[in-house]
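A.B. asks: Hey, dropping data18.cif in here, mmCIF, N, CA and C atoms and all ligand atoms:
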```cif
data_data
#
loop_
_atom_site.label_atom_id
_atom_site.label_comp_id
_atom_site.auth_asym_id
_atom_site.auth_seq_id
_atom_site.Cartn_x
_atom_site.Cartn_y
_atom_site.Cartn_z
N MET A 1 127.17 100.37 85.11
CA MET A 1 126.80 99.79 83.82
C MET A 1 127.95 98.93 83.27
N LYS A 2 127.60 97.73 82.80
CA LYS A 2 128.62 96.83 82.24
C LYS A 2 128.37 96.64 80.74
N VAL A 3 129.41 96.85 79.97
CA VAL A 3 129.28 96.77 78.51
C VAL A 3 130.27 95.74 77.96
N LEU A 4 129.74 94.85 77.14
CA LEU A 4 130.58 93.90 76.41
C LEU A 4 130.97 94.52 75.08
N VAL A 5 132.27 94.60 74.82
CA VAL A 5 132.77 95.12 73.54
C VAL A 5 133.33 93.93 72.75
N ILE A 6 132.75 93.69 71.58
CA ILE A 6 133.16 92.54 70.77
C ILE A 6 133.88 92.99 69.52
N ASN A 7 134.99 92.36 69.25
CA ASN A 7 135.75 92.62 68.02
C ASN A 7 135.91 91.32 67.24
N GLY A 8 135.57 91.38 65.98
CA GLY A 8 135.60 90.20 65.13
C GLY A 8 136.93 89.98 64.44
N PRO A 9 136.92 89.17 63.38
CA PRO A 9 138.14 88.68 62.76
C PRO A 9 139.05 89.78 62.19
N ASN A 10 140.32 89.56 62.39
CA ASN A 10 141.41 90.39 61.84
C ASN A 10 141.61 91.72 62.57
N LEU A 11 140.74 92.02 63.51
CA LEU A 11 140.95 93.28 64.26
C LEU A 11 142.13 93.15 65.22
N ASN A 12 142.51 91.93 65.55
CA ASN A 12 143.74 91.71 66.34
C ASN A 12 144.99 92.14 65.57
N LEU A 13 144.87 92.31 64.26
CA LEU A 13 146.02 92.71 63.44
C LEU A 13 146.05 94.22 63.15
N LEU A 14 145.28 94.97 63.92
CA LEU A 14 145.34 96.43 63.74
C LEU A 14 146.78 96.92 63.85
N GLY A 15 147.11 97.90 63.03
CA GLY A 15 148.48 98.42 63.02
C GLY A 15 149.31 97.78 61.93
N ILE A 16 149.03 96.49 61.66
CA ILE A 16 149.73 95.75 60.60
C ILE A 16 148.83 95.69 59.37
N ARG A 17 147.56 95.48 59.64
CA ARG A 17 146.55 95.23 58.62
C ARG A 17 146.16 96.54 57.89
N GLU A 18 146.38 96.61 56.60
CA GLU A 18 145.94 97.73 55.77
C GLU A 18 145.93 99.06 56.54
N PRO A 19 147.11 99.51 56.97
CA PRO A 19 147.15 100.72 57.82
C PRO A 19 146.57 101.96 57.16
N GLU A 20 146.57 101.98 55.82
CA GLU A 20 145.98 103.13 55.11
C GLU A 20 144.47 103.22 55.35
N LEU A 21 143.86 102.07 55.71
CA LEU A 21 142.42 102.06 56.01
C LEU A 21 142.16 102.13 57.51
N TYR A 22 142.91 101.30 58.25
CA TYR A 22 142.58 101.08 59.65
C TYR A 22 143.51 101.81 60.62
N GLY A 23 144.52 102.48 60.10
CA GLY A 23 145.42 103.23 60.96
C GLY A 23 146.64 102.43 61.40
N LYS A 24 147.57 103.13 62.05
CA LYS A 24 148.85 102.52 62.42
C LYS A 24 148.88 102.05 63.87
N LYS A 25 147.84 102.38 64.63
CA LYS A 25 147.82 101.97 66.04
C LYS A 25 147.36 100.52 66.15
N ASP A 26 147.92 99.80 67.13
CA ASP A 26 147.64 98.37 67.22
C ASP A 26 146.40 98.07 68.08
N TYR A 27 146.09 96.78 68.18
CA TYR A 27 144.88 96.36 68.89
C TYR A 27 144.94 96.73 70.38
N ALA A 28 146.14 96.63 70.94
CA ALA A 28 146.29 96.99 72.37
C ALA A 28 145.95 98.46 72.58
N ALA A 29 146.30 99.31 71.60
CA ALA A 29 145.99 100.74 71.70
C ALA A 29 144.49 100.97 71.63
N LEU A 30 143.80 100.19 70.79
CA LEU A 30 142.33 100.30 70.73
C LEU A 30 141.73 99.93 72.09
N CYS A 31 142.18 98.81 72.64
CA CYS A 31 141.64 98.37 73.93
C CYS A 31 141.92 99.42 75.01
N ALA A 32 143.11 100.00 75.00
CA ALA A 32 143.47 101.01 76.01
C ALA A 32 142.57 102.23 75.87
N ALA A 33 142.31 102.66 74.64
CA ALA A 33 141.45 103.84 74.42
C ALA A 33 140.02 103.56 74.91
N VAL A 34 139.52 102.37 74.61
CA VAL A 34 138.16 102.00 75.04
C VAL A 34 138.10 101.93 76.57
N GLU A 35 139.11 101.29 77.17
CA GLU A 35 139.12 101.14 78.64
C GLU A 35 139.21 102.50 79.34
N GLU A 36 140.04 103.38 78.80
CA GLU A 36 140.20 104.71 79.42
C GLU A 36 138.90 105.52 79.31
N HIS A 37 138.27 105.47 78.16
CA HIS A 37 137.02 106.22 77.99
C HIS A 37 135.92 105.65 78.89
N ALA A 38 135.86 104.33 78.96
CA ALA A 38 134.87 103.69 79.85
C ALA A 38 135.11 104.11 81.30
N ARG A 39 136.37 104.14 81.70
CA ARG A 39 136.71 104.54 83.08
C ARG A 39 136.20 105.96 83.36
N GLN A 40 136.40 106.85 82.38
CA GLN A 40 135.94 108.24 82.55
C GLN A 40 134.42 108.32 82.69
N LEU A 41 133.72 107.42 82.02
CA LEU A 41 132.25 107.43 82.07
C LEU A 41 131.71 106.63 83.26
N GLY A 42 132.59 105.90 83.93
CA GLY A 42 132.14 105.04 85.03
C GLY A 42 131.47 103.76 84.55
N ILE A 43 131.87 103.33 83.35
CA ILE A 43 131.35 102.09 82.76
C ILE A 43 132.41 100.99 82.93
N THR A 44 131.96 99.77 83.19
CA THR A 44 132.87 98.63 83.20
C THR A 44 132.80 97.96 81.83
N VAL A 45 133.96 97.74 81.21
CA VAL A 45 133.94 97.07 79.91
C VAL A 45 134.68 95.74 79.96
N ASP A 46 134.15 94.79 79.21
CA ASP A 46 134.90 93.57 78.94
C ASP A 46 135.09 93.53 77.42
N ILE A 47 136.35 93.50 76.98
CA ILE A 47 136.63 93.53 75.55
C ILE A 47 137.03 92.13 75.10
N PHE A 48 136.31 91.63 74.10
CA PHE A 48 136.50 90.27 73.62
C PHE A 48 136.81 90.31 72.13
N GLN A 49 137.85 89.61 71.72
CA GLN A 49 138.17 89.52 70.28
C GLN A 49 138.27 88.06 69.88
N SER A 50 137.68 87.73 68.74
CA SER A 50 137.85 86.39 68.20
C SER A 50 137.79 86.42 66.68
N ASN A 51 138.54 85.49 66.09
CA ASN A 51 138.49 85.31 64.64
C ASN A 51 137.45 84.26 64.26
N CYS A 52 136.78 83.69 65.26
CA CYS A 52 135.86 82.56 65.03
C CYS A 52 134.42 82.96 65.31
N GLU A 53 133.58 82.73 64.34
CA GLU A 53 132.17 83.11 64.44
C GLU A 53 131.49 82.47 65.66
N GLY A 54 131.72 81.17 65.85
CA GLY A 54 131.06 80.45 66.96
C GLY A 54 131.49 80.98 68.32
N GLU A 55 132.76 81.36 68.45
CA GLU A 55 133.22 81.92 69.73
C GLU A 55 132.54 83.26 70.01
N ILE A 56 132.30 84.02 68.96
CA ILE A 56 131.59 85.30 69.13
C ILE A 56 130.15 85.04 69.56
N VAL A 57 129.51 84.08 68.93
CA VAL A 57 128.13 83.72 69.31
C VAL A 57 128.09 83.30 70.78
N THR A 58 129.03 82.46 71.19
CA THR A 58 129.06 81.99 72.59
C THR A 58 129.27 83.14 73.56
N ARG A 59 130.17 84.05 73.22
CA ARG A 59 130.43 85.18 74.13
C ARG A 59 129.20 86.10 74.22
N ILE A 60 128.50 86.29 73.11
CA ILE A 60 127.27 87.10 73.14
C ILE A 60 126.25 86.42 74.07
N GLN A 61 126.10 85.11 73.96
CA GLN A 61 125.15 84.40 74.83
C GLN A 61 125.50 84.59 76.30
N GLN A 62 126.81 84.62 76.60
CA GLN A 62 127.25 84.77 78.00
C GLN A 62 126.96 86.15 78.57
N ALA A 63 126.65 87.10 77.70
CA ALA A 63 126.33 88.45 78.19
C ALA A 63 125.00 88.48 78.95
N LEU A 64 124.16 87.50 78.65
CA LEU A 64 122.84 87.44 79.29
C LEU A 64 123.01 87.29 80.80
N GLY A 65 122.51 88.26 81.54
CA GLY A 65 122.63 88.23 83.00
C GLY A 65 123.95 88.76 83.53
N ASN A 66 124.91 89.02 82.63
CA ASN A 66 126.24 89.49 83.06
C ASN A 66 126.56 90.90 82.61
N GLU A 67 126.03 91.31 81.46
CA GLU A 67 126.30 92.65 80.95
C GLU A 67 124.98 93.36 80.65
N ASP A 68 125.07 94.69 80.52
CA ASP A 68 123.86 95.50 80.28
C ASP A 68 123.70 95.91 78.83
N ALA A 69 124.79 95.87 78.06
CA ALA A 69 124.74 96.35 76.68
C ALA A 69 125.95 95.79 75.92
N VAL A 70 125.87 95.90 74.60
CA VAL A 70 126.93 95.36 73.73
C VAL A 70 127.35 96.42 72.72
N VAL A 71 128.65 96.55 72.53
CA VAL A 71 129.21 97.31 71.40
C VAL A 71 129.89 96.27 70.51
N ILE A 72 129.53 96.24 69.25
CA ILE A 72 130.07 95.17 68.40
C ILE A 72 130.62 95.68 67.08
N ASN A 73 131.89 95.33 66.84
CA ASN A 73 132.48 95.44 65.51
C ASN A 73 132.73 94.01 65.06
N ALA A 74 131.77 93.47 64.35
CA ALA A 74 131.88 92.06 63.93
C ALA A 74 132.80 91.91 62.72
N ALA A 75 133.41 93.02 62.28
CA ALA A 75 134.34 93.00 61.15
C ALA A 75 133.65 92.31 59.94
N ALA A 76 134.34 91.41 59.27
CA ALA A 76 133.75 90.82 58.05
C ALA A 76 132.46 90.04 58.34
N TYR A 77 132.33 89.51 59.57
CA TYR A 77 131.09 88.78 59.91
C TYR A 77 129.87 89.69 59.91
N THR A 78 130.09 90.99 60.01
CA THR A 78 128.99 91.95 59.91
C THR A 78 128.13 91.65 58.69
N HIS A 79 128.83 91.34 57.60
CA HIS A 79 128.19 91.26 56.29
C HIS A 79 127.73 89.85 55.92
N THR A 80 127.97 88.90 56.82
CA THR A 80 127.66 87.50 56.48
C THR A 80 126.91 86.73 57.56
N SER A 81 127.00 87.18 58.82
CA SER A 81 126.64 86.26 59.90
C SER A 81 125.22 86.41 60.43
N ILE A 82 124.38 85.47 60.02
CA ILE A 82 123.03 85.40 60.59
C ILE A 82 123.11 84.82 62.00
N ALA A 83 124.14 84.00 62.28
CA ALA A 83 124.30 83.43 63.62
C ALA A 83 124.56 84.53 64.66
N ILE A 84 125.39 85.51 64.30
CA ILE A 84 125.65 86.61 65.23
C ILE A 84 124.41 87.49 65.37
N LEU A 85 123.72 87.74 64.27
CA LEU A 85 122.44 88.46 64.33
C LEU A 85 121.48 87.76 65.29
N ASP A 86 121.33 86.46 65.14
CA ASP A 86 120.39 85.71 65.98
C ASP A 86 120.80 85.73 67.45
N ALA A 87 122.11 85.66 67.70
CA ALA A 87 122.60 85.69 69.10
C ALA A 87 122.26 87.03 69.74
N LEU A 88 122.46 88.12 69.00
CA LEU A 88 122.14 89.45 69.54
C LEU A 88 120.64 89.57 69.78
N LYS A 89 119.84 89.04 68.86
CA LYS A 89 118.39 89.10 69.06
C LYS A 89 117.98 88.23 70.25
N ALA A 90 118.65 87.11 70.44
CA ALA A 90 118.32 86.20 71.53
C ALA A 90 118.54 86.84 72.90
N ILE A 91 119.65 87.54 73.06
CA ILE A 91 119.92 88.13 74.39
C ILE A 91 119.15 89.44 74.57
N ALA A 92 118.78 90.08 73.46
CA ALA A 92 117.93 91.28 73.47
C ALA A 92 118.46 92.40 74.39
N LEU A 93 119.77 92.55 74.45
CA LEU A 93 120.35 93.70 75.17
C LEU A 93 120.54 94.84 74.17
N PRO A 94 120.57 96.09 74.64
CA PRO A 94 120.88 97.19 73.73
C PRO A 94 122.24 96.95 73.08
N ALA A 95 122.30 97.10 71.76
CA ALA A 95 123.56 96.85 71.05
C ALA A 95 123.82 97.98 70.07
N VAL A 96 125.09 98.32 69.94
CA VAL A 96 125.52 99.36 69.00
C VAL A 96 126.53 98.74 68.04
N GLU A 97 126.29 98.90 66.76
CA GLU A 97 127.21 98.44 65.71
C GLU A 97 128.27 99.52 65.49
N VAL A 98 129.52 99.13 65.52
CA VAL A 98 130.59 100.10 65.24
C VAL A 98 131.54 99.56 64.16
N HIS A 99 132.15 100.51 63.45
CA HIS A 99 133.21 100.19 62.49
C HIS A 99 134.24 101.30 62.51
N LEU A 100 135.47 100.91 62.25
CA LEU A 100 136.56 101.89 62.15
C LEU A 100 136.39 102.71 60.87
N THR A 101 136.13 102.01 59.77
CA THR A 101 135.91 102.66 58.48
C THR A 101 134.40 102.82 58.27
N GLU A 102 134.02 103.39 57.16
CA GLU A 102 132.59 103.47 56.80
C GLU A 102 132.33 102.46 55.69
N PRO A 103 131.82 101.27 56.04
CA PRO A 103 131.61 100.23 55.03
C PRO A 103 130.72 100.68 53.86
N MET A 104 129.80 101.61 54.13
CA MET A 104 128.90 102.07 53.06
C MET A 104 129.65 102.82 51.95
N GLN A 105 130.87 103.27 52.27
CA GLN A 105 131.67 103.96 51.25
C GLN A 105 132.72 103.04 50.64
N ARG A 106 132.61 101.73 50.94
CA ARG A 106 133.58 100.78 50.41
C ARG A 106 132.88 99.83 49.42
N GLU A 107 133.44 98.64 49.21
CA GLU A 107 132.89 97.71 48.22
C GLU A 107 131.41 97.41 48.53
N GLU A 108 130.68 97.07 47.48
CA GLU A 108 129.24 96.84 47.64
C GLU A 108 128.93 95.69 48.61
N PHE A 109 129.82 94.66 48.64
CA PHE A 109 129.53 93.52 49.53
C PHE A 109 129.58 93.92 51.00
N ARG A 110 130.13 95.10 51.29
CA ARG A 110 130.15 95.57 52.69
C ARG A 110 128.92 96.41 53.03
N HIS A 111 128.04 96.61 52.07
CA HIS A 111 126.89 97.49 52.31
C HIS A 111 125.77 96.80 53.08
N VAL A 112 125.80 95.45 53.08
CA VAL A 112 124.81 94.70 53.87
C VAL A 112 125.35 94.52 55.27
N SER A 113 124.51 94.75 56.28
CA SER A 113 124.90 94.45 57.66
C SER A 113 123.81 93.63 58.34
N TYR A 114 124.08 92.33 58.50
CA TYR A 114 123.15 91.48 59.26
C TYR A 114 123.19 91.87 60.73
N VAL A 115 124.40 92.10 61.25
CA VAL A 115 124.57 92.46 62.66
C VAL A 115 123.77 93.73 62.99
N GLY A 116 123.78 94.67 62.06
CA GLY A 116 123.08 95.94 62.29
C GLY A 116 121.58 95.77 62.48
N MET A 117 121.04 94.66 61.98
CA MET A 117 119.59 94.43 62.12
C MET A 117 119.20 94.17 63.58
N ALA A 118 120.19 93.87 64.43
CA ALA A 118 119.89 93.65 65.86
C ALA A 118 120.45 94.79 66.71
N CYS A 119 120.90 95.86 66.07
CA CYS A 119 121.50 96.97 66.82
C CYS A 119 120.61 98.19 66.75
N GLU A 120 120.61 98.97 67.82
CA GLU A 120 119.72 100.14 67.80
C GLU A 120 120.34 101.34 67.11
N THR A 121 121.64 101.36 66.98
CA THR A 121 122.26 102.41 66.19
C THR A 121 123.60 101.90 65.64
N ARG A 122 124.19 102.74 64.78
CA ARG A 122 125.39 102.33 64.06
C ARG A 122 126.32 103.54 64.01
N ILE A 123 127.58 103.34 64.38
CA ILE A 123 128.55 104.44 64.37
C ILE A 123 129.77 103.95 63.60
N ALA A 124 130.06 104.60 62.47
CA ALA A 124 131.09 104.08 61.57
C ALA A 124 131.89 105.21 60.95
N GLY A 125 133.17 104.93 60.74
CA GLY A 125 134.00 105.86 59.98
C GLY A 125 134.83 106.81 60.81
N PHE A 126 134.87 106.62 62.12
CA PHE A 126 135.60 107.53 63.00
C PHE A 126 136.84 106.90 63.62
N GLY A 127 137.31 105.76 63.07
CA GLY A 127 138.46 105.09 63.68
C GLY A 127 138.12 104.66 65.11
N PHE A 128 139.10 104.75 66.02
CA PHE A 128 138.87 104.33 67.41
C PHE A 128 137.69 105.10 68.03
N GLU A 129 137.52 106.35 67.56
CA GLU A 129 136.44 107.21 68.10
C GLU A 129 135.06 106.57 67.95
N SER A 130 134.88 105.70 66.95
CA SER A 130 133.58 105.05 66.77
C SER A 130 133.18 104.32 68.05
N TYR A 131 134.15 103.63 68.66
CA TYR A 131 133.87 102.88 69.89
C TYR A 131 133.55 103.84 71.05
N LEU A 132 134.28 104.94 71.11
CA LEU A 132 134.10 105.89 72.23
C LEU A 132 132.72 106.54 72.12
N LYS A 133 132.33 106.86 70.89
CA LYS A 133 131.00 107.44 70.66
C LYS A 133 129.92 106.43 71.03
N ALA A 134 130.16 105.16 70.77
CA ALA A 134 129.18 104.12 71.12
C ALA A 134 129.01 104.05 72.65
N LEU A 135 130.12 104.14 73.37
CA LEU A 135 130.03 104.15 74.84
C LEU A 135 129.27 105.38 75.32
N ASP A 136 129.54 106.53 74.69
CA ASP A 136 128.81 107.77 75.05
C ASP A 136 127.32 107.57 74.85
N TYR A 137 126.96 106.99 73.72
CA TYR A 137 125.54 106.76 73.39
C TYR A 137 124.88 105.89 74.46
N LEU A 138 125.53 104.78 74.81
CA LEU A 138 124.94 103.85 75.78
C LEU A 138 124.87 104.49 77.17
N HIS A 139 125.92 105.22 77.51
CA HIS A 139 125.96 105.88 78.82
C HIS A 139 124.83 106.89 78.94
N LYS A 140 124.65 107.70 77.89
CA LYS A 140 123.62 108.74 77.91
C LYS A 140 122.23 108.11 77.99
N LYS A 141 122.02 107.03 77.26
CA LYS A 141 120.68 106.45 77.18
C LYS A 141 120.34 105.53 78.34
N TYR A 142 121.33 104.80 78.86
CA TYR A 142 121.00 103.72 79.79
C TYR A 142 121.61 103.84 81.19
N SER A 143 122.60 104.72 81.36
CA SER A 143 123.25 104.77 82.67
C SER A 143 122.33 105.49 83.66
N LYS A 144 122.22 104.89 84.86
CA LYS A 144 121.31 105.51 85.85
C LYS A 144 122.10 106.42 86.78
C1 LIG A 201 135.32 96.86 59.61
C2 LIG A 201 134.70 96.95 58.22
C3 LIG A 201 134.45 95.56 57.65
O1 LIG A 201 133.87 95.66 56.36
C4 LIG A 201 135.75 94.79 57.53
O2 LIG A 201 135.51 93.48 57.10
C5 LIG A 201 136.53 94.79 58.80
C6 LIG A 201 136.59 96.02 59.60
C7 LIG A 201 135.69 98.24 60.18
O3 LIG A 201 135.86 98.33 61.40
O4 LIG A 201 135.83 99.20 59.43
O5 LIG A 201 137.20 93.83 59.13
O6 LIG A 201 134.36 96.28 60.48
#
```
Output the file's structure in the form of structure tokens.
C.D. replies:
Amino acid sequence: MKVLVINGPNLNLLGIREPELYGKKDYAALCAAVEEHARQLGITVDIFQSNCEGEIVTRIQQALGNEDAVVINAAAYTHTSIAILDALKAIALPAVEVHLTEPMQREEFRHVSYVGMACETRIAGFGFESYLKALDYLHKKYSK
């Protein structure tokens, strides 16, 4: 099973960015945790990060025929991007929305998730564990 893991804007600044919310571990540590968990499950992951909405749309389109599922933390684009929603709907692969924090317990503008409208489930508020739980979910449901 091949899974595309997408990280949106400012997640490259993990460890520096609001550590009281997002933790002190950096982006490389997140990637290492995801890669190690995927290895244990026998899943191949490609982890993609971009601060640009269009680059995220393009990478989602490239998953068609190349990957079996998507894990996406679109970060702030979660709450604004109809383009990312449409890209996920276009490729129609199983997708899981993840967040480090729980946006529903934060400012009201974070309570809307366009990205979530194209995802079959949502895992939020567990820090790096949110991504690992998403891989578990996909592995259990789709791995043959
Ligand atoms: C986030 C939550 C978003 O509201 C925020 O814009 C982010 C990170 C999270 O992982 O908790 O950048 O997606």
A.B. asks: Excluding region 68-78 of chain A and its own-chain neighbours fewer than 6 positions away, which residues fall within 8 Å of it when counting all atoms listed in the file? Please give them as a PyMOL selection string.
C.D. replies: chain A and resi 1-11+53+84-85+92-100+110-116+131+134-135+138
A.B. asks: When you draw a straight line from atom N of Gly127 (chain A) to CA of Ile60 (chain A), how long is it in Å?
C.D. replies: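 Distance between the two atoms: 23.5 Å.
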A.B. asks: Hey, could you pull the box centre and edge lengths for ligand LIG 201 (chain A), axis-aligned, 6 Å padding per side, all listed atoms, to one decimal in Å, as lines of an AutoDock Vina configuration file?
C.D. replies:
```
center_x = 135.5
center_y = 96.3
center_z = 58.9
size_x = 15.3
size_y = 17.7
size_z = 17.0
```
A.B. asks: My list of candidates is A:Leu21, A:Ile56, A:Cys119, A:Ile16. Which is closest to ligand LIG 201 (chain A) when distances are computed with all atoms listed in the file?
C.D. replies: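 Of A:Leu21, A:Ile56, A:Cys119, A:Ile16, the one nearest ligand LIG 201 (chain A), counting all atoms listed in the file, is A:Leu21.
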A.B. asks: Return the single residue from A:Lys24, A:Lys133, A:Arg17, A:Lys144 that is closest to ligand LIG 201 (chain A), with distances computed using only C-alpha atoms and all ligand atoms.
C.D. replies: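 Distance minimum relative to ligand LIG 201 (chain A) lands on A:Arg17.
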A.B. asks: Write down as a PyMOL selection string the residues of chain A whose backbone DSSP state falls under helix (DSSP H, G or I).
C.D. replies: chain A and resi 11-13+19-22+27-41+53-62+75-79+82-91+103-105+108-110+115-118+129-142
A.B. asks: For CA of Ala83 (chain A) and atom N of Glu120 (chain A), quote the distance in Å rounded to one decimal.
C.D. replies: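 One can read the CA of Ala83 (chain A) to atom N of Glu120 (chain A) distance as 16.5 Å.
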A.B. asks: Please tell me which residues are no farther than 9 Å from (149.4, 95.1, 71.2) in the file, counting only C-alpha atoms, and write them as an MDAnalysis selection string.
C.D. replies: chainID A and resid 12:15 25:31
A.B. asks: Determine the nearest neighbour of ligand LIG 201 (chain A) from the options A:Gly42, A:Asp136, A:Thr58, A:Tyr22, counting only N, CA and C atoms and all ligand atoms.
C.D. replies: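 Of the candidates, the smallest distance to ligand LIG 201 (chain A) is held by A:Tyr22.
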A.B. asks: Measure the distance from CA of Ala33 (chain A) to CA of Ser143 (chain A) in Å and round it to one decimal.
C.D. replies: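 Going from CA of Ala33 (chain A) over to CA of Ser143 (chain A), I get 20.0 Å.
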A.B. asks: Let me make sure I understand: among A:Ile91, A:Asn51, A:Gln62, A:Arg39, which one has the smallest atom-to-atom distance to ligand LIG 201 (chain A) if we use only C-alpha atoms and all ligand atoms?
C.D. replies: A:Asn51
A.B. asks: Using DSSP on the backbone coordinates, identify the residues of chain A assigned to strand (DSSP E or B); present them as a list in words.
C.D. replies: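 Restricting chain A to strand (DSSP E or B) produces Lys2, Val3, Leu4, Val5, Ile6, Asn7, Thr44, Val45, Asp46, Ile47, Phe48, Gln49, Ala69, Val70, Val71, Ile72, Asn73, Ala95, Val96, Glu97, Val98, His99, Thr121, Arg122, Ile123 and Ala124 of chain A.
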A.B. asks: Taking into account only C-alpha atoms and all ligand atoms, which residue in the set A:Glu129, A:Glu102, A:Glu108, A:Glu35 is nearest to ligand LIG 201 (chain A)?
C.D. replies: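 With only C-alpha atoms and all ligand atoms as the atom set, the closest residue is A:Glu102.
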A.B. asks: Return the single residue from A:Phe109, A:Glu67, A:Gly54, A:Gln61 that is closest to His79 (chain A), with distances computed using all atoms listed in the file.
C.D. replies: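 With all atoms listed in the file as the atom set, the closest residue is A:Phe109.
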